[in-house]
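J.: Below is coords.cif; it holds mmCIF, C-alpha atoms (C1' of nucleotides).
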```cif
data_work
#
loop_
_atom_site.label_atom_id
_atom_site.label_comp_id
_atom_site.auth_asym_id
_atom_site.auth_seq_id
_atom_site.Cartn_x
_atom_site.Cartn_y
_atom_site.Cartn_z
CA MET A 1 -20.20 67.39 95.70
CA LYS A 2 -23.13 69.44 96.93
CA THR A 3 -25.19 67.35 99.32
CA SER A 4 -28.50 68.82 100.36
CA PRO A 5 -29.59 68.02 103.91
CA THR A 6 -32.50 65.94 102.64
CA ARG A 7 -30.28 63.98 100.28
CA GLN A 8 -27.87 63.28 103.12
CA GLN A 9 -30.73 62.20 105.37
CA ILE A 10 -31.95 59.82 102.70
CA ILE A 11 -28.51 58.29 102.29
CA ASN A 12 -28.13 57.83 106.04
CA ALA A 13 -31.56 56.24 106.37
CA ALA A 14 -30.97 53.98 103.38
CA ASP A 15 -27.60 52.97 104.79
CA GLU A 16 -29.22 51.87 108.04
CA LEU A 17 -32.12 50.11 106.35
CA PHE A 18 -29.96 48.29 103.79
CA TYR A 19 -27.87 47.08 106.72
CA ALA A 20 -30.75 46.00 108.93
CA GLN A 21 -33.13 44.58 106.28
CA GLY A 22 -30.96 44.06 103.23
CA PHE A 23 -31.00 46.01 99.97
CA GLY A 24 -33.56 43.87 98.16
CA GLU A 25 -36.11 43.97 100.94
CA THR A 26 -35.90 47.71 101.50
CA SER A 27 -38.42 49.68 99.47
CA PHE A 28 -38.50 53.36 98.59
CA ALA A 29 -41.51 53.59 100.85
CA ASP A 30 -39.43 52.30 103.77
CA ILE A 31 -36.74 54.89 103.21
CA ALA A 32 -39.20 57.72 102.55
CA LYS A 33 -41.05 56.86 105.74
CA ALA A 34 -37.82 56.84 107.75
CA VAL A 35 -37.00 60.34 106.50
CA SER A 36 -40.62 61.50 106.71
CA ILE A 37 -40.93 62.56 103.09
CA SER A 38 -43.29 61.39 100.38
CA ARG A 39 -42.37 58.78 97.79
CA GLY A 40 -42.79 61.39 95.12
CA ASN A 41 -40.29 63.74 96.70
CA PHE A 42 -37.91 60.85 97.01
CA TYR A 43 -37.56 60.68 93.25
CA TYR A 44 -36.47 64.28 93.13
CA HIS A 45 -33.29 63.23 94.97
CA PHE A 46 -32.76 59.75 93.54
CA ARG A 47 -34.18 58.63 90.22
CA THR A 48 -33.62 54.90 90.65
CA LYS A 49 -32.95 52.39 93.37
CA ASP A 50 -29.53 51.73 91.89
CA GLU A 51 -28.70 55.39 92.28
CA ILE A 52 -29.29 55.36 95.99
CA LEU A 53 -27.46 52.06 96.36
CA ASN A 54 -24.47 53.66 94.71
CA ALA A 55 -24.67 56.62 97.06
CA VAL A 56 -24.85 54.30 100.08
CA ILE A 57 -21.84 52.29 98.90
CA GLU A 58 -19.87 55.49 98.35
CA LYS A 59 -20.79 56.69 101.82
CA ARG A 60 -19.71 53.39 103.34
CA LEU A 61 -16.46 53.42 101.41
CA SER A 62 -15.75 56.98 102.44
CA ASP A 63 -16.62 56.24 106.09
CA ARG A 64 -14.19 53.31 106.12
CA GLU A 65 -11.44 55.30 104.46
CA THR A 66 -11.80 57.91 107.18
CA LEU A 67 -11.71 55.24 109.86
CA LEU A 68 -8.58 53.61 108.47
CA ARG A 69 -6.90 57.00 108.20
CA THR A 70 -7.72 57.65 111.85
CA TRP A 71 -6.02 54.42 112.83
CA ASP A 72 -3.05 55.25 110.64
CA GLU A 73 -2.64 58.53 112.49
CA MET A 74 -3.37 57.08 115.92
CA SER A 75 -0.43 54.74 116.08
CA GLU A 76 2.97 54.19 114.50
CA ASP A 77 2.84 50.45 115.19
CA PRO A 78 1.25 48.40 112.39
CA ALA A 79 0.38 45.57 114.78
CA SER A 80 -1.71 47.85 116.97
CA ARG A 81 -3.32 49.32 113.88
CA VAL A 82 -4.41 45.83 112.83
CA ALA A 83 -5.63 45.34 116.38
CA CYS A 84 -7.89 48.39 115.96
CA PHE A 85 -9.37 46.75 112.90
CA VAL A 86 -10.00 43.45 114.63
CA ARG A 87 -11.54 45.10 117.66
CA ILE A 88 -14.37 46.62 115.64
CA LEU A 89 -15.90 43.15 116.13
CA ILE A 90 -16.16 44.06 119.81
CA VAL A 91 -16.93 47.75 119.40
CA ASN A 92 -19.79 47.08 116.98
CA GLN A 93 -20.75 43.82 118.61
CA THR A 94 -24.41 44.64 119.21
CA LYS A 95 -25.10 45.53 115.59
CA ILE A 96 -23.00 42.68 114.25
CA ILE A 97 -24.91 40.18 116.36
CA ALA A 98 -28.14 41.63 115.00
CA TYR A 99 -27.25 42.19 111.33
CA GLY A 100 -23.79 40.75 110.65
CA CYS A 101 -20.97 42.68 109.03
CA PRO A 102 -22.27 45.62 106.94
CA VAL A 103 -19.63 45.03 104.30
CA GLY A 104 -19.74 41.24 104.13
CA THR A 105 -23.52 40.95 104.08
CA LEU A 106 -23.85 43.58 101.35
CA THR A 107 -21.25 42.03 99.07
CA THR A 108 -22.88 38.63 99.57
CA GLU A 109 -26.34 39.96 98.77
CA LEU A 110 -25.27 41.93 95.69
CA ALA A 111 -23.32 38.94 94.37
CA LYS A 112 -26.49 36.84 94.53
CA LEU A 113 -28.57 39.55 92.90
CA ASP A 114 -25.79 39.80 90.32
CA HIS A 115 -26.26 43.53 90.72
CA ASP A 116 -24.19 45.99 88.70
CA ALA A 117 -22.97 47.61 91.91
CA LYS A 118 -21.45 44.40 93.25
CA HIS A 119 -17.95 45.33 92.09
CA LYS A 120 -18.28 48.68 93.77
CA ALA A 121 -19.33 47.00 97.02
CA ASN A 122 -16.47 44.54 96.72
CA GLY A 123 -14.26 47.61 96.62
CA ILE A 124 -14.91 48.20 100.32
CA MET A 125 -13.67 44.70 101.10
CA ALA A 126 -10.70 45.36 98.82
CA LEU A 127 -10.01 48.58 100.73
CA PHE A 128 -9.74 46.54 103.94
CA ARG A 129 -7.58 43.94 102.23
CA ASP A 130 -5.20 46.51 100.83
CA TRP A 131 -4.96 48.48 104.05
CA LEU A 132 -4.25 45.32 106.02
CA THR A 133 -1.70 44.28 103.40
CA GLY A 134 0.04 47.59 103.93
CA GLN A 135 0.19 47.01 107.68
CA PHE A 136 1.65 43.53 107.32
CA ARG A 137 4.14 44.84 104.80
CA ASP A 138 5.18 47.47 107.34
CA LEU A 139 5.57 44.63 109.80
CA GLY A 140 8.10 43.11 107.42
CA CYS A 141 5.99 40.24 106.12
CA GLY A 142 7.04 40.92 102.53
CA ALA A 143 5.50 38.53 100.04
CA GLU A 144 3.22 37.06 102.70
CA ALA A 145 1.64 40.41 103.55
CA GLU A 146 -1.44 40.01 101.36
CA ALA A 147 -2.04 36.42 102.45
CA HIS A 148 -1.90 37.59 106.06
CA ALA A 149 -4.31 40.40 105.24
CA LEU A 150 -6.82 38.00 103.70
CA HIS A 151 -6.37 35.67 106.64
CA VAL A 152 -7.32 38.34 109.17
CA LEU A 153 -10.09 39.71 106.97
CA GLY A 154 -11.66 36.29 106.32
CA TRP A 155 -11.35 35.26 109.93
CA SER A 156 -13.16 38.43 111.00
CA GLN A 157 -15.89 37.84 108.44
CA GLY A 158 -16.43 34.34 109.79
CA VAL A 159 -16.70 35.61 113.34
CA ALA A 160 -19.28 38.17 112.22
CA THR A 161 -21.32 35.49 110.46
CA LEU A 162 -21.43 33.15 113.44
CA ALA A 163 -21.97 36.04 115.83
CA GLN A 164 -25.17 36.81 113.96
CA THR A 165 -26.25 33.16 113.90
CA PHE A 166 -25.57 32.18 117.49
CA LYS A 167 -25.64 35.59 119.25
CA ASP A 168 -22.75 34.40 121.40
CA GLU A 169 -20.71 37.28 122.86
CA ALA A 170 -18.25 34.95 124.56
CA TYR A 171 -17.44 33.37 121.21
CA VAL A 172 -16.73 36.79 119.69
CA ALA A 173 -14.49 37.77 122.59
CA ARG A 174 -12.60 34.47 122.36
CA GLU A 175 -12.01 34.72 118.63
CA VAL A 176 -10.93 38.36 118.80
CA ASP A 177 -8.36 37.38 121.43
CA GLN A 178 -7.14 34.61 119.16
CA ILE A 179 -6.82 36.91 116.15
CA LEU A 180 -4.91 39.45 118.23
CA ALA A 181 -2.62 36.70 119.52
CA TRP A 182 -2.04 35.54 115.96
CA VAL A 183 -1.15 39.08 114.87
CA ASP A 184 1.27 39.35 117.80
CA ARG A 185 2.89 36.07 116.82
CA VAL A 186 3.35 37.24 113.23
CA SER A 187 4.62 40.56 114.46
CA GLN A 188 7.19 39.03 116.81
CA LYS A 189 8.40 36.58 114.18
CA THR A 190 9.40 39.37 111.82
CA ARG A 191 10.65 41.88 114.38
CA PRO A 192 11.84 40.02 117.46
CA SER A 193 12.26 42.78 120.02
CA MET B 194 -43.62 11.43 104.20
CA LYS B 195 -45.00 10.86 100.72
CA THR B 196 -43.13 13.03 98.27
CA SER B 197 -44.56 13.21 94.79
CA PRO B 198 -42.03 13.53 91.97
CA THR B 199 -43.27 17.03 91.15
CA ARG B 200 -43.07 18.12 94.76
CA GLN B 201 -39.53 16.82 94.96
CA GLN B 202 -38.62 18.60 91.72
CA ILE B 203 -39.99 21.85 93.11
CA ILE B 204 -37.99 21.50 96.31
CA ASN B 205 -34.81 20.78 94.36
CA ALA B 206 -35.34 23.74 92.03
CA ALA B 207 -36.18 26.05 94.92
CA ASP B 208 -33.10 24.85 96.78
CA GLU B 209 -30.91 25.78 93.83
CA LEU B 210 -32.61 29.11 93.21
CA PHE B 211 -32.63 30.16 96.86
CA TYR B 212 -28.92 29.41 96.88
CA ALA B 213 -28.07 31.19 93.65
CA GLN B 214 -30.40 34.22 93.92
CA GLY B 215 -31.41 34.31 97.55
CA PHE B 216 -34.81 33.52 99.06
CA GLY B 217 -36.25 37.00 98.86
CA GLU B 218 -35.40 37.53 95.21
CA THR B 219 -36.73 34.18 94.06
CA SER B 220 -40.37 34.31 92.98
CA PHE B 221 -42.88 31.52 92.51
CA ALA B 222 -42.66 32.29 88.81
CA ASP B 223 -38.92 31.58 88.86
CA ILE B 224 -39.37 28.22 90.54
CA ALA B 225 -42.35 27.25 88.39
CA LYS B 226 -40.40 28.12 85.27
CA ALA B 227 -37.43 26.03 86.40
CA VAL B 228 -39.69 23.01 86.89
CA SER B 229 -41.75 23.78 83.76
CA ILE B 230 -45.09 23.92 85.52
CA SER B 231 -47.61 26.74 85.76
CA ARG B 232 -47.81 29.06 88.73
CA GLY B 233 -51.29 27.72 89.40
CA ASN B 234 -50.13 24.15 89.65
CA PHE B 235 -47.40 25.30 91.97
CA TYR B 236 -49.98 26.16 94.60
CA TYR B 237 -51.33 22.66 94.56
CA HIS B 238 -48.01 21.52 96.04
CA PHE B 239 -47.16 24.49 98.22
CA ARG B 240 -49.73 26.93 99.55
CA THR B 241 -47.30 29.66 100.67
CA LYS B 242 -43.75 30.76 100.11
CA ASP B 243 -42.94 30.01 103.73
CA GLU B 244 -44.08 26.45 103.17
CA ILE B 245 -41.57 25.86 100.41
CA LEU B 246 -38.84 27.63 102.37
CA ASN B 247 -39.48 25.21 105.20
CA ALA B 248 -39.29 22.27 102.83
CA VAL B 249 -36.00 23.54 101.42
CA ILE B 250 -34.50 24.02 104.87
CA GLU B 251 -35.61 20.52 105.86
CA LYS B 252 -34.04 19.11 102.71
CA ARG B 253 -30.80 20.93 103.38
CA LEU B 254 -30.77 19.78 106.98
CA SER B 255 -31.45 16.21 105.96
CA ASP B 256 -28.77 16.34 103.24
CA ARG B 257 -26.20 17.55 105.75
CA GLU B 258 -27.17 14.95 108.32
CA THR B 259 -26.61 12.28 105.69
CA LEU B 260 -23.27 13.78 104.75
CA LEU B 261 -22.07 13.93 108.35
CA ARG B 262 -23.18 10.34 108.90
CA THR B 263 -21.19 9.30 105.85
CA TRP B 264 -18.08 10.88 107.31
CA ASP B 265 -18.77 9.26 110.66
CA GLU B 266 -18.86 5.87 108.99
CA MET B 267 -15.94 6.57 106.67
CA SER B 268 -13.30 7.02 109.31
CA GLU B 269 -12.65 6.20 112.96
CA ASP B 270 -10.35 9.17 113.38
CA PRO B 271 -12.13 12.37 114.48
CA ALA B 272 -9.34 14.54 113.04
CA SER B 273 -9.81 13.15 109.55
CA ARG B 274 -13.57 13.52 109.92
CA VAL B 275 -13.11 17.20 110.65
CA ALA B 276 -10.77 17.33 107.67
CA CYS B 277 -13.63 16.04 105.49
CA PHE B 278 -15.77 18.90 106.74
CA VAL B 279 -13.13 21.52 106.02
CA ARG B 280 -12.41 20.14 102.58
CA ILE B 281 -15.95 20.81 101.36
CA LEU B 282 -14.56 24.31 100.80
CA ILE B 283 -12.41 22.76 98.08
CA VAL B 284 -14.91 20.20 96.83
CA ASN B 285 -17.67 22.79 96.39
CA GLN B 286 -15.28 25.56 95.49
CA THR B 287 -16.92 26.56 92.21
CA LYS B 288 -20.35 27.08 93.74
CA ILE B 289 -18.94 28.73 96.85
CA ILE B 290 -17.02 31.22 94.74
CA ALA B 291 -20.21 31.97 92.86
CA TYR B 292 -22.79 31.98 95.67
CA GLY B 293 -21.02 31.64 99.01
CA CYS B 294 -21.89 29.03 101.61
CA PRO B 295 -25.47 27.77 101.21
CA VAL B 296 -25.92 27.59 104.97
CA GLY B 297 -24.22 30.84 105.95
CA THR B 298 -25.85 32.98 103.28
CA LEU B 299 -29.32 31.64 104.08
CA THR B 300 -29.04 32.21 107.82
CA THR B 301 -27.72 35.71 107.16
CA GLU B 302 -30.56 36.53 104.78
CA LEU B 303 -33.32 35.14 107.00
CA ALA B 304 -31.92 36.99 110.00
CA LYS B 305 -32.20 40.27 108.09
CA LEU B 306 -35.69 39.46 106.90
CA ASP B 307 -36.44 38.52 110.50
CA HIS B 308 -38.23 35.55 108.96
CA ASP B 309 -40.00 32.97 111.11
CA ALA B 310 -37.87 30.22 109.59
CA LYS B 311 -34.61 31.80 110.70
CA HIS B 312 -34.32 29.59 113.76
CA LYS B 313 -34.89 26.53 111.64
CA ALA B 314 -32.14 27.63 109.25
CA ASN B 315 -29.83 28.33 112.17
CA GLY B 316 -30.42 24.71 113.08
CA ILE B 317 -28.28 23.62 110.13
CA MET B 318 -25.41 25.70 111.45
CA ALA B 319 -26.07 24.25 114.90
CA LEU B 320 -25.93 20.77 113.39
CA PHE B 321 -22.43 21.51 112.11
CA ARG B 322 -21.41 23.02 115.43
CA ASP B 323 -22.65 20.06 117.42
CA TRP B 324 -21.15 17.50 115.07
CA LEU B 325 -17.78 19.27 115.18
CA THR B 326 -18.05 19.53 118.96
CA GLY B 327 -18.50 15.78 119.08
CA GLN B 328 -15.39 15.24 116.99
CA PHE B 329 -13.26 17.50 119.17
CA ARG B 330 -14.65 15.80 122.27
CA ASP B 331 -13.59 12.46 120.79
CA LEU B 332 -10.19 14.01 120.25
CA GLY B 333 -10.04 14.60 123.99
CA CYS B 334 -10.53 18.36 123.95
CA GLY B 335 -13.02 18.20 126.82
CA ALA B 336 -14.38 21.56 127.83
CA GLU B 337 -12.73 23.25 124.86
CA ALA B 338 -14.49 21.05 122.31
CA GLU B 339 -17.30 23.46 121.51
CA ALA B 340 -14.99 26.46 121.29
CA HIS B 341 -12.85 24.51 118.84
CA ALA B 342 -15.94 23.58 116.86
CA LEU B 343 -17.03 27.20 116.58
CA HIS B 344 -13.50 28.17 115.66
CA VAL B 345 -13.39 25.80 112.70
CA LEU B 346 -16.96 26.61 111.68
CA GLY B 347 -16.47 30.37 111.79
CA TRP B 348 -13.14 30.16 110.03
CA SER B 349 -14.74 28.16 107.22
CA GLN B 350 -17.59 30.67 106.96
CA GLY B 351 -15.10 33.49 106.60
CA VAL B 352 -13.23 31.67 103.85
CA ALA B 353 -16.50 31.11 102.01
CA THR B 354 -17.40 34.80 102.27
CA LEU B 355 -14.09 36.05 100.92
CA ALA B 356 -14.01 33.32 98.29
CA GLN B 357 -17.23 34.75 96.90
CA THR B 358 -15.96 38.32 97.07
CA PHE B 359 -12.51 37.89 95.58
CA LYS B 360 -12.94 34.66 93.55
CA ASP B 361 -9.45 33.66 94.66
CA GLU B 362 -8.88 29.90 94.52
CA ALA B 363 -5.32 30.17 95.85
CA TYR B 364 -6.66 31.92 98.95
CA VAL B 365 -9.15 29.13 99.56
CA ALA B 366 -6.48 26.45 99.16
CA ARG B 367 -4.14 28.30 101.52
CA GLU B 368 -6.74 28.75 104.23
CA VAL B 369 -7.95 25.15 104.01
CA ASP B 370 -4.35 24.02 104.51
CA GLN B 371 -4.09 26.28 107.53
CA ILE B 372 -7.31 24.98 109.06
CA LEU B 373 -6.17 21.39 108.53
CA ALA B 374 -2.81 22.21 110.10
CA TRP B 375 -4.60 23.78 113.06
CA VAL B 376 -6.75 20.67 113.51
CA ASP B 377 -3.62 18.50 113.39
CA ARG B 378 -1.97 20.66 116.03
CA VAL B 379 -4.99 20.36 118.32
CA SER B 380 -5.16 16.67 117.65
CA GLN B 381 -1.49 16.06 118.46
CA LYS B 382 -1.68 18.13 121.60
CA THR B 383 -4.34 15.90 123.12
CA ARG B 384 -3.16 12.57 121.78
CA PRO B 385 0.60 12.74 121.20
CA SER B 386 1.28 9.57 119.22
"C1'" DG C 387 -38.37 70.95 96.90
"C1'" DT C 388 -42.31 68.89 98.18
"C1'" DC C 389 -46.62 67.03 97.38
"C1'" DT C 390 -50.74 63.95 95.24
"C1'" DA C 391 -52.09 61.12 91.76
"C1'" DT C 392 -51.19 57.71 88.54
"C1'" DA C 393 -48.96 54.32 85.16
"C1'" DT C 394 -47.00 49.84 84.82
"C1'" DA C 395 -45.27 45.55 86.01
"C1'" DG C 396 -44.56 41.98 89.19
"C1'" DT C 397 -45.73 39.57 93.50
"C1'" DG C 398 -48.18 36.03 96.48
"C1'" DA C 399 -52.35 33.78 96.40
"C1'" DT C 400 -57.27 31.91 94.95
"C1'" DA C 401 -61.09 29.85 91.98
"C1'" DG C 402 -62.56 26.90 88.99
"C1'" DA C 403 -62.33 24.32 84.41
"C1'" DC C 404 -60.19 20.17 82.56
"C1'" DG D 405 -52.54 17.11 89.05
"C1'" DT D 406 -52.36 20.51 85.91
"C1'" DC D 407 -54.03 24.35 83.66
"C1'" DT D 408 -55.95 29.44 82.73
"C1'" DA D 409 -57.91 33.37 84.54
"C1'" DT D 410 -58.12 36.48 87.98
"C1'" DC D 411 -57.62 39.18 92.50
"C1'" DA D 412 -55.42 42.16 95.73
"C1'" DC D 413 -51.38 44.12 96.81
"C1'" DT D 414 -46.89 46.23 96.49
"C1'" DA D 415 -43.01 47.69 93.92
"C1'" DT D 416 -40.45 51.06 90.98
"C1'" DA D 417 -41.11 54.95 88.51
"C1'" DT D 418 -43.42 59.21 86.20
"C1'" DA D 419 -46.38 63.55 85.59
"C1'" DG D 420 -47.81 67.48 87.03
"C1'" DA D 421 -49.86 70.70 90.69
"C1'" DC D 422 -48.25 73.71 94.41
#
```
Go ahead and render the structure in this file as C-alpha cells.

T.:
Amino acid sequence: MKTSPTRQQIINAADELFYAQGFGETSFADIAKAVSISRGNFYYHFRTKDEILNAVIEKRLSDRETLLRTWDEMSEDPASRVACFVRILIVNQTKIIAYGCPVGTLTTELAKLDHDAKHKANGIMALFRDWLTGQFRDLGCGAEAEAHALHVLGWSQGVATLAQTFKDEAYVAREVDQILAWVDRVSQKTRPS
Amino acid sequence: MKTSPTRQQIINAADELFYAQGFGETSFADIAKAVSISRGNFYYHFRTKDEILNAVIEKRLSDRETLLRTWDEMSEDPASRVACFVRILIVNQTKIIAYGCPVGTLTTELAKLDHDAKHKANGIMALFRDWLTGQFRDLGCGAEAEAHALHVLGWSQGVATLAQTFKDEAYVAREVDQILAWVDRVSQKTRPS
DNA sequence: GTCTATATAGTGATAGAC
DNA sequence: GTCTATCACTATATAGAC
C-alpha cells in the first residue's frame, strides 16, 4: 500500500474532476493539468483510465468507511448516528447543489456506461445501506431494518438530485427536517422512552 | 413543424440511446447505425450534436406534457392523478432498473457537463413540479402545495436512483406504496370525507 | 520519475458526387 | 435525401530520451 505523493495527488485530482465533470468527460489531460504533470508521466502512475477509476472508487469507499466509523464512535444512540448521515445533505450542500451526490451520480453514470467498475461503485452505496441497516437494527427495527435503511438512503438520493436541479436550499432544509422527524418517529415507536 | 420520417427516426433513436448510454457517450455513429443511415446523411438532418440534444429534450418535454394531460382528463380527483404519476415507477420499472429515470439522469449529466441545454432539460423536471403543485393546490394544500410537489418528485427520483443501483423490485413496490399512502394522508387531511 | 514525441482510433463536422 | 471521402481535433495509450 505504498502511495507516492504524486500518485496520491493524481487520485485526489481525479476524484474531484470525476465528481464535478463526470468520469466519461474527464480526460487524462484534465487530470494531468490539475496536478501539473505531463500526460506521459501520468502513465507511469496509472496505465489505463480504468485503473485510476478503480483507485478513485477505493479512495471514496475508504473515506466513507472512515466517516461512518467516526459517527459510530461519536455517539451511542443509533438515531443520532443516522441523523449525522442525513445531515451531510446540509454539510455538503454547496457541492451537492453544484454536482449532486458523489456516490449516486457515479453509480448512475457507470451503470449507463456499463463499465466494469460499476459493481465496485455500487459497493459504496451498499456500504451506506448496510451501515444504516445496522443502525435501525440497533434501534430494534428487526426485520424492517433494511427497508428503513433503503428508505432513508433513497430519500436522501432524491433530495440530492432535486437539489442539483433546482438549487433550492430551502427545499433541502425542509426535506432534511422531514427525514430526521421520520427517524425520530421510527425510533420512538420501537423504544418509547 | 414539418418532421420528415427520417428526422423523426433519428430523434427516437437518439432519445433511446441518450437514455441507455448517456448523452456524452453516445456518438453520431451510434445514432446513425441505429437508424441505418450514414454519418454523412445524418448531418443533413442535424448540423450539430447540440441540435439533436435539443430535439430530444423537446420530444421528451412534449411526451410528458401529453402524458400529464392524459391523466388530467382521466380523473377528476387530484389524489388519483398524483397516484398515476407515482405509479410510473412501477409501469416503467424494467427500464428504470436498467437506466434510471430518463429525466433525472439527463438533468444530472447535463449539469455536470455544464451544457447549454441543461436549463431546457431542467424544464422537464419543472413541468413535473408545476403539475404536481397544481394537483396539491386542487387538494387544498394552499401554500404547502409546491413543497408537497417537490417532496413527491424528489422521493420518486430517489427511488429511481436506488432501483438502478440495487435492481430491487420489492424495494420499488414498497416505496411506491409508501408514497401513495403519504398522498392519501395529505389528501384526507385537507378534505376529510 | 519525469519529460517529449508519436502511434492509433474515434470524434464532430464539411464537401461534393449521385 | 443519401452516400463516400475527407478534415481537424482529441482521446487513450506507448516508446524512448533524460

J.: Neighbours of stretch 391-398 of chain C within 10 Å (all atoms listed in the file; same-chain residues fewer than 5 positions away dropped), as a PDB file with C-alpha atoms (C1' of nucleotides), in the frame of the given file?

T.:
```
ATOM      1  CA  GLY A  40     -42.790  61.390  95.120  1.00  0.00           C
TER       2      GLY A  40
ATOM      3  CA  SER B 220     -40.370  34.310  92.980  1.00  0.00           C
ATOM      4  CA  PHE B 221     -42.880  31.520  92.510  1.00  0.00           C
ATOM      5  CA  ALA B 222     -42.660  32.290  88.810  1.00  0.00           C
ATOM      6  CA  ARG B 240     -49.730  26.930  99.550  1.00  0.00           C
ATOM      7  CA  THR B 241     -47.300  29.660 100.670  1.00  0.00           C
ATOM      8  CA  LYS B 242     -43.750  30.760 100.110  1.00  0.00           C
TER       9      LYS B 242
ATOM     10  C1'  DA D 412     -55.420  42.160  95.730  1.00  0.00           C
ATOM     11  C1'  DC D 413     -51.380  44.120  96.810  1.00  0.00           C
ATOM     12  C1'  DT D 414     -46.890  46.230  96.490  1.00  0.00           C
ATOM     13  C1'  DA D 415     -43.010  47.690  93.920  1.00  0.00           C
ATOM     14  C1'  DT D 416     -40.450  51.060  90.980  1.00  0.00           C
ATOM     15  C1'  DA D 417     -41.110  54.950  88.510  1.00  0.00           C
ATOM     16  C1'  DT D 418     -43.420  59.210  86.200  1.00  0.00           C
ATOM     17  C1'  DA D 419     -46.380  63.550  85.590  1.00  0.00           C
ATOM     18  C1'  DG D 420     -47.810  67.480  87.030  1.00  0.00           C
ATOM     19  C1'  DA D 421     -49.860  70.700  90.690  1.00  0.00           C
TER      20       DA D 421
END
```

J.: Hey, which of B:Ile283, B:Pro295, B:Arg262, B:Asn234 ends up closest to B:Phe211? Count only C-alpha atoms.

T.: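 Ranking B:Ile283, B:Pro295, B:Arg262, B:Asn234 by distance to B:Phe211, first place goes to B:Pro295.
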
J.: Would you pick out the contacts of D:DG405 at 10 Å or less, using all atoms listed in the file, so that residues sharing its chain but fewer than 6 positions from it are not included, and give the list as a ChimeraX atom specification?

T.: /B:199,234,237-238

J.: Using the file's own x, y and z axes, what box holds all listed atoms of chain D with 6 Å on each side, keeping edges along x, y and z, and what are its centre and edge lengths in Å to one decimal, as AutoDock Vina command-line options?

T.:
```
--center_x -49.3 --center_y 45.4 --center_z 89.8 --size_x 29.7 --size_y 68.6 --size_z 26.1
```

J.: Could you spell out the hits of the PyMOL selection byres ((chain B and resi 205) around 10) on the shown file, as a list in words?

T.: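 For this structure, the PyMOL selection byres ((chain B and resi 205) around 10) captures Thr199, Arg200, Gln201, Gln202, Ile203, Ile204, Ala206, Ala207, Asp208, Glu209, Leu210, Phe211, Ile224, Ala227, Val228, Ala248, Val249, Lys252 and Arg253 of chain B.
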
J.: Output C-alpha atoms for every residue in the selection just made, as an mmCIF file, in the coordinates of the input.

T.:
```cif
data_model
loop_
_atom_site.group_PDB
_atom_site.id
_atom_site.type_symbol
_atom_site.label_atom_id
_atom_site.label_comp_id
_atom_site.auth_asym_id
_atom_site.auth_seq_id
_atom_site.Cartn_x
_atom_site.Cartn_y
_atom_site.Cartn_z
ATOM 1 C CA THR B 199 -43.270 17.030 91.150
ATOM 2 C CA ARG B 200 -43.070 18.120 94.760
ATOM 3 C CA GLN B 201 -39.530 16.820 94.960
ATOM 4 C CA GLN B 202 -38.620 18.600 91.720
ATOM 5 C CA ILE B 203 -39.990 21.850 93.110
ATOM 6 C CA ILE B 204 -37.990 21.500 96.310
ATOM 7 C CA ALA B 206 -35.340 23.740 92.030
ATOM 8 C CA ALA B 207 -36.180 26.050 94.920
ATOM 9 C CA ASP B 208 -33.100 24.850 96.780
ATOM 10 C CA GLU B 209 -30.910 25.780 93.830
ATOM 11 C CA LEU B 210 -32.610 29.110 93.210
ATOM 12 C CA PHE B 211 -32.630 30.160 96.860
ATOM 13 C CA ILE B 224 -39.370 28.220 90.540
ATOM 14 C CA ALA B 227 -37.430 26.030 86.400
ATOM 15 C CA VAL B 228 -39.690 23.010 86.890
ATOM 16 C CA ALA B 248 -39.290 22.270 102.830
ATOM 17 C CA VAL B 249 -36.000 23.540 101.420
ATOM 18 C CA LYS B 252 -34.040 19.110 102.710
ATOM 19 C CA ARG B 253 -30.800 20.930 103.380
#
```

J.: By how many Å are atom CA of B:Val379 and atom CA of A:Arg87 apart?

T.: 25.6 Å

J.: Tell me as JSON, numbers by chain which residues belonging to chain B come within 8 Å of chain A, counting only C-alpha atoms.

T.: {"B": [213, 214, 215, 217, 218, 291, 292, 293, 297, 298, 300, 301, 302, 304, 305, 306, 315, 318, 340, 343, 344, 346, 347, 348, 349, 350, 351, 352, 354, 355, 357, 358, 359, 364, 368]}
